[in-house]
$ cat data31.csv   # CSV, C-alpha atoms and all ligand atoms
chain,number,residue,atom,x,y,z
A,1,MET,CA,-68.9,-55.6,-29.6
A,2,ALA,CA,-70.3,-52.2,-28.6
A,3,LEU,CA,-68.5,-49.2,-30.2
A,4,GLU,CA,-68.4,-45.6,-29.3
A,5,THR,CA,-69.0,-43.1,-32.1
A,6,HIS,CA,-68.6,-39.4,-32.1
A,7,ALA,CA,-71.7,-38.9,-34.3
A,8,HIS,CA,-74.2,-40.7,-32.1
A,9,THR,CA,-73.6,-39.8,-28.5
A,10,SER,CA,-76.8,-41.6,-27.6
A,11,ALA,CA,-76.5,-44.4,-30.2
A,12,ASN,CA,-75.2,-47.8,-29.5
A,13,VAL,CA,-73.3,-49.5,-32.4
A,14,ILE,CA,-73.2,-53.2,-32.3
A,15,ALA,CA,-70.8,-54.9,-34.8
A,16,VAL,CA,-71.3,-58.6,-35.5
A,17,ALA,CA,-69.2,-61.0,-37.6
A,18,GLU,CA,-71.4,-61.5,-40.7
A,19,ALA,CA,-74.9,-61.2,-42.1
A,20,ALA,CA,-76.2,-64.4,-40.4
A,21,ALA,CA,-75.2,-63.0,-37.0
A,22,LEU,CA,-76.9,-59.8,-37.9
A,23,ALA,CA,-80.1,-61.6,-38.5
A,24,THR,CA,-80.0,-63.7,-35.3
A,25,THR,CA,-79.0,-60.6,-33.2
A,26,ALA,CA,-81.9,-58.6,-34.7
A,27,ALA,CA,-84.3,-61.6,-34.1
A,28,ARG,CA,-83.3,-61.7,-30.4
A,29,ARG,CA,-83.8,-58.0,-30.0
A,30,LEU,CA,-87.2,-58.1,-31.8
A,31,ILE,CA,-88.4,-60.9,-29.6
A,32,ALA,CA,-87.2,-59.1,-26.5
A,33,ARG,CA,-89.3,-56.1,-27.5
A,34,VAL,CA,-92.6,-58.0,-28.2
A,35,ALA,CA,-92.4,-61.0,-25.9
A,36,THR,CA,-94.0,-59.5,-22.8
A,37,GLY,CA,-96.9,-57.1,-22.1
A,38,GLY,CA,-100.0,-56.6,-24.1
A,39,ARG,CA,-100.4,-55.6,-27.7
A,40,SER,CA,-97.2,-54.6,-29.4
A,41,ALA,CA,-96.2,-53.0,-32.7
A,42,VAL,CA,-93.2,-53.4,-35.0
A,43,CYS,CA,-92.4,-51.1,-37.9
A,44,LEU,CA,-90.6,-53.1,-40.6
A,45,THR,CA,-88.4,-51.8,-43.4
A,46,GLY,CA,-87.7,-52.7,-47.0
A,47,GLY,CA,-84.4,-53.3,-48.7
A,48,SER,CA,-82.1,-56.3,-48.6
A,49,SER,CA,-80.6,-55.9,-45.0
A,50,PRO,CA,-83.7,-57.1,-43.1
A,51,GLN,CA,-84.5,-60.1,-45.3
A,52,GLY,CA,-82.3,-62.6,-43.4
A,53,LEU,CA,-84.1,-61.6,-40.2
A,54,TYR,CA,-87.5,-61.9,-41.9
A,55,ARG,CA,-86.7,-65.4,-43.0
A,56,LEU,CA,-85.7,-66.4,-39.5
A,57,LEU,CA,-88.9,-65.2,-37.9
A,58,ALA,CA,-90.9,-67.8,-39.9
A,59,VAL,CA,-88.8,-70.8,-38.6
A,60,GLU,CA,-87.8,-72.3,-35.3
A,61,PRO,CA,-86.4,-71.6,-32.8
A,62,TRP,CA,-87.6,-68.0,-33.4
A,63,ARG,CA,-91.1,-68.4,-34.6
A,64,SER,CA,-92.6,-69.9,-31.4
A,65,GLN,CA,-91.1,-67.1,-29.4
A,66,ILE,CA,-93.3,-64.5,-31.0
A,67,PRO,CA,-96.8,-64.0,-29.6
A,68,TRP,CA,-98.3,-63.6,-33.1
A,69,ASP,CA,-101.8,-62.8,-31.9
A,70,ARG,CA,-100.5,-59.8,-30.0
A,71,VAL,CA,-98.0,-58.3,-32.4
A,72,HIS,CA,-99.0,-55.8,-35.1
A,73,TRP,CA,-96.7,-55.2,-38.1
A,74,PHE,CA,-96.4,-51.9,-40.0
A,75,MET,CA,-94.1,-50.7,-42.8
A,76,GLY,CA,-91.9,-47.6,-42.4
A,77,ASP,CA,-92.1,-46.9,-46.2
A,78,ASP,CA,-93.2,-48.5,-49.3
A,79,ARG,CA,-93.0,-48.1,-53.0
A,80,PHE,CA,-96.3,-47.2,-54.7
A,81,VAL,CA,-96.7,-50.6,-56.4
A,82,PRO,CA,-99.2,-53.5,-55.7
A,83,GLN,CA,-98.1,-55.9,-53.0
A,84,SER,CA,-97.7,-58.6,-55.7
A,85,ASP,CA,-94.9,-56.5,-57.3
A,86,PRO,CA,-91.4,-57.7,-56.4
A,87,LEU,CA,-90.6,-54.1,-55.5
A,88,SER,CA,-93.2,-54.0,-52.8
A,89,ASN,CA,-91.6,-53.8,-49.3
A,90,MET,CA,-94.7,-55.3,-47.6
A,91,GLY,CA,-95.0,-57.9,-50.4
A,92,ALA,CA,-91.5,-59.0,-49.6
A,93,ALA,CA,-92.1,-59.1,-45.8
A,94,ARG,CA,-95.3,-61.1,-46.3
A,95,ALA,CA,-93.6,-63.6,-48.6
A,96,ALA,CA,-90.6,-64.0,-46.2
A,97,PHE,CA,-92.6,-64.5,-43.0
A,98,LEU,CA,-95.9,-62.6,-42.4
A,99,ASP,CA,-98.2,-64.7,-44.6
A,100,ALA,CA,-97.0,-67.8,-42.8
A,101,THR,CA,-97.2,-66.5,-39.3
A,102,ALA,CA,-99.2,-63.4,-38.6
A,103,PRO,CA,-103.1,-63.1,-38.4
A,104,SER,CA,-104.0,-61.0,-41.4
A,105,GLN,CA,-105.7,-58.3,-39.2
A,106,ASN,CA,-102.3,-57.7,-37.6
A,107,ILE,CA,-100.6,-56.9,-40.9
A,108,HIS,CA,-100.9,-53.2,-41.6
A,109,ALA,CA,-99.9,-52.5,-45.2
A,110,ILE,CA,-99.7,-49.1,-46.8
A,111,ALA,CA,-102.7,-49.0,-49.3
A,112,THR,CA,-100.6,-48.8,-52.5
A,113,ASN,CA,-103.8,-49.7,-54.4
A,114,SER,CA,-105.4,-46.4,-53.5
A,115,GLY,CA,-105.5,-43.4,-55.9
A,116,ASP,CA,-102.0,-42.0,-55.4
A,117,ALA,CA,-99.2,-41.9,-52.9
A,118,GLU,CA,-100.6,-38.8,-51.1
A,119,THR,CA,-104.0,-40.5,-50.6
A,120,ALA,CA,-102.2,-43.7,-49.4
A,121,ALA,CA,-100.2,-41.6,-47.0
A,122,GLN,CA,-103.3,-40.0,-45.5
A,123,LEU,CA,-105.0,-43.4,-45.2
A,124,TYR,CA,-102.0,-44.8,-43.4
A,125,GLU,CA,-101.7,-41.8,-41.1
A,126,ASP,CA,-105.4,-42.4,-40.2
A,127,GLU,CA,-104.7,-46.1,-39.5
A,128,LEU,CA,-101.7,-45.3,-37.3
A,129,LYS,CA,-103.7,-42.8,-35.3
A,130,ARG,CA,-106.6,-45.2,-34.8
A,131,PHE,CA,-104.1,-47.9,-33.7
A,132,TYR,CA,-102.4,-45.4,-31.3
A,133,GLY,CA,-105.7,-44.1,-30.1
A,134,ALA,CA,-104.8,-40.4,-30.3
A,135,ASP,CA,-104.1,-37.7,-33.0
A,136,ARG,CA,-100.9,-36.5,-31.4
A,137,LEU,CA,-97.8,-38.5,-30.5
A,138,ASP,CA,-97.0,-38.3,-26.8
A,139,PRO,CA,-93.2,-38.6,-26.3
A,140,ALA,CA,-93.9,-40.6,-23.1
A,141,ARG,CA,-96.0,-43.2,-24.9
A,142,ALA,CA,-94.4,-44.9,-27.9
A,143,LEU,CA,-96.4,-45.8,-31.0
A,144,PHE,CA,-94.0,-48.7,-31.8
A,145,ASP,CA,-92.0,-51.2,-29.7
A,146,LEU,CA,-89.4,-51.6,-32.4
A,147,VAL,CA,-88.7,-49.7,-35.6
A,148,LEU,CA,-86.4,-51.3,-38.1
A,149,MET,CA,-84.4,-49.0,-40.5
A,150,GLY,CA,-82.1,-49.5,-43.4
A,151,LEU,CA,-79.4,-47.3,-44.9
A,152,GLY,CA,-79.4,-46.5,-48.6
A,153,GLY,CA,-76.2,-45.8,-50.6
A,154,ASP,CA,-77.0,-42.1,-50.7
A,155,GLY,CA,-77.7,-42.0,-46.9
A,156,HIS,CA,-81.4,-42.2,-47.2
A,157,THR,CA,-83.5,-44.1,-44.7
A,158,ALA,CA,-87.2,-45.2,-45.1
A,159,SER,CA,-88.1,-43.1,-48.1
A,160,LEU,CA,-86.5,-39.9,-46.7
A,161,PHE,CA,-83.9,-38.9,-49.3
A,162,PRO,CA,-81.2,-36.2,-49.1
A,163,ARG,CA,-82.6,-32.7,-49.5
A,164,SER,CA,-86.2,-33.9,-49.4
A,165,ALA,CA,-88.8,-31.6,-47.8
A,166,ALA,CA,-90.2,-34.6,-46.0
A,167,LEU,CA,-87.2,-34.6,-43.7
A,168,ALA,CA,-88.4,-31.4,-42.1
A,169,GLU,CA,-92.0,-32.6,-41.6
A,170,LYS,CA,-93.1,-32.2,-38.0
A,171,THR,CA,-96.9,-32.5,-38.2
A,172,ARG,CA,-97.8,-35.2,-40.7
A,173,TRP,CA,-97.3,-38.8,-39.6
A,174,VAL,CA,-97.0,-40.1,-43.1
A,175,VAL,CA,-96.3,-38.4,-46.4
A,176,GLY,CA,-96.3,-39.2,-50.1
A,177,VAL,CA,-93.0,-38.9,-51.9
A,178,ALA,CA,-93.6,-38.0,-55.5
A,179,LYS,CA,-90.1,-38.6,-56.7
A,180,ALA,CA,-87.6,-41.0,-55.1
A,181,GLY,CA,-84.0,-39.8,-54.8
A,182,MET,CA,-82.7,-43.1,-56.0
A,183,GLU,CA,-83.8,-46.1,-58.0
A,184,PRO,CA,-86.4,-47.5,-58.2
A,185,TYR,CA,-87.9,-44.1,-59.1
A,186,MET,CA,-91.6,-44.7,-58.6
A,187,PRO,CA,-93.5,-42.6,-56.0
A,188,ARG,CA,-93.2,-43.8,-52.4
A,189,VAL,CA,-95.0,-43.4,-49.1
A,190,THR,CA,-93.0,-42.9,-45.9
A,191,LEU,CA,-93.4,-42.3,-42.3
A,192,THR,CA,-91.9,-39.0,-41.1
A,193,LEU,CA,-89.1,-38.7,-38.6
A,194,PRO,CA,-91.2,-37.9,-35.6
A,195,THR,CA,-93.4,-40.9,-36.3
A,196,LEU,CA,-90.4,-43.3,-36.7
A,197,ALA,CA,-89.0,-41.8,-33.5
A,198,SER,CA,-92.0,-42.8,-31.5
A,199,THR,CA,-90.6,-46.1,-30.5
A,200,ARG,CA,-89.0,-47.9,-27.6
A,201,GLU,CA,-86.2,-49.0,-29.9
A,202,MET,CA,-85.0,-47.9,-33.4
A,203,LEU,CA,-82.7,-50.6,-34.9
A,204,PHE,CA,-80.7,-49.9,-38.1
A,205,LEU,CA,-79.6,-53.0,-39.9
A,206,VAL,CA,-76.6,-52.5,-42.2
A,207,ASP,CA,-74.7,-55.3,-43.9
A,208,SER,CA,-72.4,-55.9,-46.9
A,209,ALA,CA,-69.2,-54.2,-48.1
A,210,GLU,CA,-71.3,-52.0,-50.4
A,211,LYS,CA,-72.5,-50.0,-47.3
A,212,ARG,CA,-69.0,-49.4,-45.9
A,213,THR,CA,-68.5,-46.0,-47.5
A,214,ILE,CA,-71.9,-44.6,-46.7
A,215,LEU,CA,-71.8,-46.0,-43.2
A,216,ALA,CA,-68.5,-44.4,-42.5
A,217,ARG,CA,-70.0,-41.1,-43.5
A,218,VAL,CA,-73.0,-41.6,-41.3
A,219,LEU,CA,-71.0,-42.6,-38.3
A,220,GLY,CA,-68.7,-39.6,-39.0
A,221,GLY,CA,-71.6,-37.4,-38.3
A,222,GLU,CA,-72.4,-36.1,-41.8
A,223,ASP,CA,-75.8,-34.5,-42.3
A,224,LEU,CA,-77.6,-37.3,-44.1
A,225,PRO,CA,-81.2,-38.5,-43.7
A,226,ALA,CA,-80.1,-41.5,-41.7
A,227,ASN,CA,-78.4,-39.2,-39.2
A,228,ARG,CA,-81.5,-37.1,-38.9
A,229,ALA,CA,-83.4,-40.1,-37.7
A,230,TYR,CA,-83.8,-40.2,-34.0
A,231,SER,CA,-85.5,-42.3,-31.4
A,232,ASN,CA,-87.5,-41.4,-28.3
A,233,GLY,CA,-86.2,-44.7,-26.9
A,234,GLU,CA,-83.1,-46.6,-27.7
A,235,LEU,CA,-81.2,-46.1,-31.0
A,236,VAL,CA,-79.0,-49.0,-32.1
A,237,TRP,CA,-76.9,-49.5,-35.3
A,238,LEU,CA,-76.5,-53.2,-35.9
A,239,ILE,CA,-73.8,-53.7,-38.5
A,240,ASP,CA,-71.7,-56.6,-39.8
A,241,ARG,CA,-68.0,-56.6,-40.2
A,242,ALA,CA,-68.2,-56.2,-44.0
A,243,ALA,CA,-70.1,-52.9,-43.6
A,244,ALA,CA,-68.0,-51.6,-40.7
A,245,PRO,CA,-65.7,-48.8,-41.4
A,246,GLU,CA,-62.0,-49.8,-40.9
A,247,THR,CA,-61.8,-48.3,-37.5
A,248,ALA,CA,-64.9,-50.2,-36.3
A,249,ALA,CA,-64.0,-53.6,-37.7
B,1,LIG,C1,-86.9,-48.8,-49.5
B,1,LIG,C2,-86.3,-49.1,-48.2
B,1,LIG,C3,-85.0,-48.3,-48.0
B,1,LIG,C4,-83.9,-49.3,-47.7
B,1,LIG,C5,-82.6,-48.8,-48.1
B,1,LIG,C6,-81.5,-49.8,-48.0
B,1,LIG,O1,-88.1,-48.8,-49.6
B,1,LIG,O2,-86.1,-48.5,-50.4
B,1,LIG,O3,-87.1,-49.1,-47.1
B,1,LIG,O4,-85.1,-47.3,-47.1
B,1,LIG,O5,-83.9,-49.6,-46.3
B,1,LIG,O6,-82.7,-48.4,-49.4
B,1,LIG,O7,-81.8,-50.8,-48.9
B,1,LIG,P1,-80.8,-52.0,-49.1
B,1,LIG,O8,-80.7,-52.8,-47.8
B,1,LIG,O9,-81.4,-52.9,-50.2
B,1,LIG,O10,-79.6,-51.4,-49.6
$ encode --input "data31.csv" --output "structure tokens"
Amino acid sequence: MALETHAHTSANVIAVAEAAALATTAARRLIARVATGGRSAVCLTGGSSPQGLYRLLAVEPWRSQIPWDRVHWFMGDDRFVPQSDPLSNMGAARAAFLDATAPSQNIHAIATNSGDAETAAQLYEDELKRFYGADRLDPARALFDLVLMGLGGDGHTASLFPRSAALAEKTRWVVGVAKAGMEPYMPRVTLTLPTLASTREMLFLVDSAEKRTILARVLGGEDLPANRAYSNGELVWLIDRAAAPETAA
């Protein structure tokens, strides 16, 4: 079901029945974005909402539809912990599907074993620029084919928290976040809004009744980080009925 919202004139809201349908719908969209053409790039997200999708990608009938040699996997933000830590976003994605499917040279993790979050941000920015082949993002040539996004209970997305200076960043591709706005409070590294926007499709995944209140605020147009996110390509909010505000259910 496609829904109109006042907040996102250019956003498409797709509501599905439940979390399992959210995962299969996301898998179909991801496959459509990477199935054809040459090298492609997907920017993953942390949190609970994408985990169902990640588990699907490791199994049939989804797994064999992905040209693993040609797809590169990045992370939109990570907590400054080793990948072996249960709080690591890339650690979770590796465990769910990447380690079983993707060539290791196609997995681009934020270097959370480097000195500090700011150093890791600079290293990841360098890596993204090398991958893209330029130091400046060209609105006509997307860095990513698909960017997955989550929605935090305070309206944050990636590690861009309400009132954070990082929300206004226009030059840096990646920044260190010394203090997260919400638990877990360790430093983070996050792509900035213009970097996340450099995509053919940005896909928010929002499930569970816990998200209902914040999703209603976002779709109502409130000035929250998730509403500052934009896409140079398509922008899609994929939500399940439990998360959907009353009017959208
Ligand atoms: C992170 C995530 C974050 C996440 C939201 C939603 O590192 O914290 O990338 O942005 O997407 O916090 O998380 P949940 O789906 O677990 O609520």
$ atom_distance --input "data31.csv" --atom1 "atom CA of Leu235 of chain A" --atom2 "atom CA of Glu183 of chain A"
27.1 Å
$ residues_near_ligand --input "data31.csv" --ligand "ligand LIG 1 (chain B)" --cutoff "9 Å" --atoms "only C-alpha atoms and all ligand atoms" --output "PyMOL selection string"
chain A and resi 44-51+75-79+87-89+148-161+180+182-184+188-190+204-208+210-211
$ write_last_selection --input "data31.csv" --atoms "C-alpha atoms" --output "short mmCIF file (atom, residue, chain, number, x, y, z; two decimals), in the frame of the given file"
data_model
loop_
_atom_site.label_atom_id
_atom_site.label_comp_id
_atom_site.auth_asym_id
_atom_site.auth_seq_id
_atom_site.Cartn_x
_atom_site.Cartn_y
_atom_site.Cartn_z
CA LEU A 44 -90.60 -53.10 -40.60
CA THR A 45 -88.40 -51.80 -43.40
CA GLY A 46 -87.70 -52.70 -47.00
CA GLY A 47 -84.40 -53.30 -48.70
CA SER A 48 -82.10 -56.30 -48.60
CA SER A 49 -80.60 -55.90 -45.00
CA PRO A 50 -83.70 -57.10 -43.10
CA GLN A 51 -84.50 -60.10 -45.30
CA MET A 75 -94.10 -50.70 -42.80
CA GLY A 76 -91.90 -47.60 -42.40
CA ASP A 77 -92.10 -46.90 -46.20
CA ASP A 78 -93.20 -48.50 -49.30
CA ARG A 79 -93.00 -48.10 -53.00
CA LEU A 87 -90.60 -54.10 -55.50
CA SER A 88 -93.20 -54.00 -52.80
CA ASN A 89 -91.60 -53.80 -49.30
CA LEU A 148 -86.40 -51.30 -38.10
CA MET A 149 -84.40 -49.00 -40.50
CA GLY A 150 -82.10 -49.50 -43.40
CA LEU A 151 -79.40 -47.30 -44.90
CA GLY A 152 -79.40 -46.50 -48.60
CA GLY A 153 -76.20 -45.80 -50.60
CA ASP A 154 -77.00 -42.10 -50.70
CA GLY A 155 -77.70 -42.00 -46.90
CA HIS A 156 -81.40 -42.20 -47.20
CA THR A 157 -83.50 -44.10 -44.70
CA ALA A 158 -87.20 -45.20 -45.10
CA SER A 159 -88.10 -43.10 -48.10
CA LEU A 160 -86.50 -39.90 -46.70
CA PHE A 161 -83.90 -38.90 -49.30
CA ALA A 180 -87.60 -41.00 -55.10
CA MET A 182 -82.70 -43.10 -56.00
CA GLU A 183 -83.80 -46.10 -58.00
CA PRO A 184 -86.40 -47.50 -58.20
CA ARG A 188 -93.20 -43.80 -52.40
CA VAL A 189 -95.00 -43.40 -49.10
CA THR A 190 -93.00 -42.90 -45.90
CA PHE A 204 -80.70 -49.90 -38.10
CA LEU A 205 -79.60 -53.00 -39.90
CA VAL A 206 -76.60 -52.50 -42.20
CA ASP A 207 -74.70 -55.30 -43.90
CA SER A 208 -72.40 -55.90 -46.90
CA GLU A 210 -71.30 -52.00 -50.40
CA LYS A 211 -72.50 -50.00 -47.30
#
$ closest_residue --input "data31.csv" --among "A:Glu234, A:Pro86, A:Leu193, A:Leu30" --to "Ile66 of chain A" --atoms "only C-alpha atoms"
A:Leu30
$ residues_around --input "data31.csv" --residues "Glu169 of chain A" --least-positions-apart "3" --cutoff "10 Å" --atoms "only C-alpha atoms" --output "list in words"
Ser164, Ala165, Ala166, Arg172, Trp173, Val174, Val175, Leu191, Thr192, Leu193, Pro194 and Thr195 of chain A
$ atom_distance --input "data31.csv" --atom1 "atom CA of Glu18 of chain A" --atom2 "atom CA of Pro67 of chain A"
27.8 Å
$ closest_residue --input "data31.csv" --among "A:Ala23, A:Gly220, A:Ala226, A:Trp68" --to "Asn106 of chain A" --atoms "all atoms listed in the file"
A:Trp68
$ atom_distance --input "data31.csv" --atom1 "atom CA of His72 of chain A" --atom2 "atom CA of Lys129 of chain A"
13.8 Å
$ closest_residue --input "data31.csv" --among "A:Ala197, A:Ile107, A:Leu123, A:Ala216" --to "Asp138 of chain A" --atoms "all atoms listed in the file"
A:Ala197
$ closest_residue --input "data31.csv" --among "A:Ser104, A:Ala93, A:Ala209, A:Ser84" --to "Arg70 of chain A" --atoms "all atoms listed in the file"
A:Ser104
$ closest_residue --input "data31.csv" --among "A:Ala102, A:Leu203, A:Ala41, A:Ala27" --to "Asp69 of chain A" --atoms "only C-alpha atoms"
A:Ala102
$ residues_around --input "data31.csv" --residues "Gln65 of chain A" --least-positions-apart "3" --cutoff "8 Å" --atoms "all atoms listed in the file" --output "list of chain:residue names"
A:Ile31, A:Ala35, A:Pro61, A:Trp62
$ write_last_selection --input "data31.csv" --atoms "C-alpha atoms" --output "mmCIF file, in the coordinates of the input"
data_model
loop_
_atom_site.group_PDB
_atom_site.id
_atom_site.type_symbol
_atom_site.label_atom_id
_atom_site.label_comp_id
_atom_site.auth_asym_id
_atom_site.auth_seq_id
_atom_site.Cartn_x
_atom_site.Cartn_y
_atom_site.Cartn_z
ATOM 1 C CA ILE A 31 -88.400 -60.900 -29.600
ATOM 2 C CA ALA A 35 -92.400 -61.000 -25.900
ATOM 3 C CA PRO A 61 -86.400 -71.600 -32.800
ATOM 4 C CA TRP A 62 -87.600 -68.000 -33.400
#
$ residues_around --input "data31.csv" --residues "Val42 of chain A" --least-positions-apart "4" --cutoff "8 Å" --atoms "only C-alpha atoms" --output "list of chain:residue names"
A:Val71, A:His72, A:Trp73, A:Phe74, A:Phe144, A:Asp145, A:Leu146, A:Val147, A:Leu148
$ residues_around --input "data31.csv" --residues "Ala120 of chain A" --least-positions-apart "2" --cutoff "9 Å" --atoms "all atoms listed in the file" --output "ChimeraX atom specification"
/A:80,110-118,122-125,174-176,189
$ closest_residue --input "data31.csv" --among "A:Glu201, A:Asp126, A:Asp85, A:Glu60" --to "Arg29 of chain A" --atoms "only C-alpha atoms"
A:Glu201
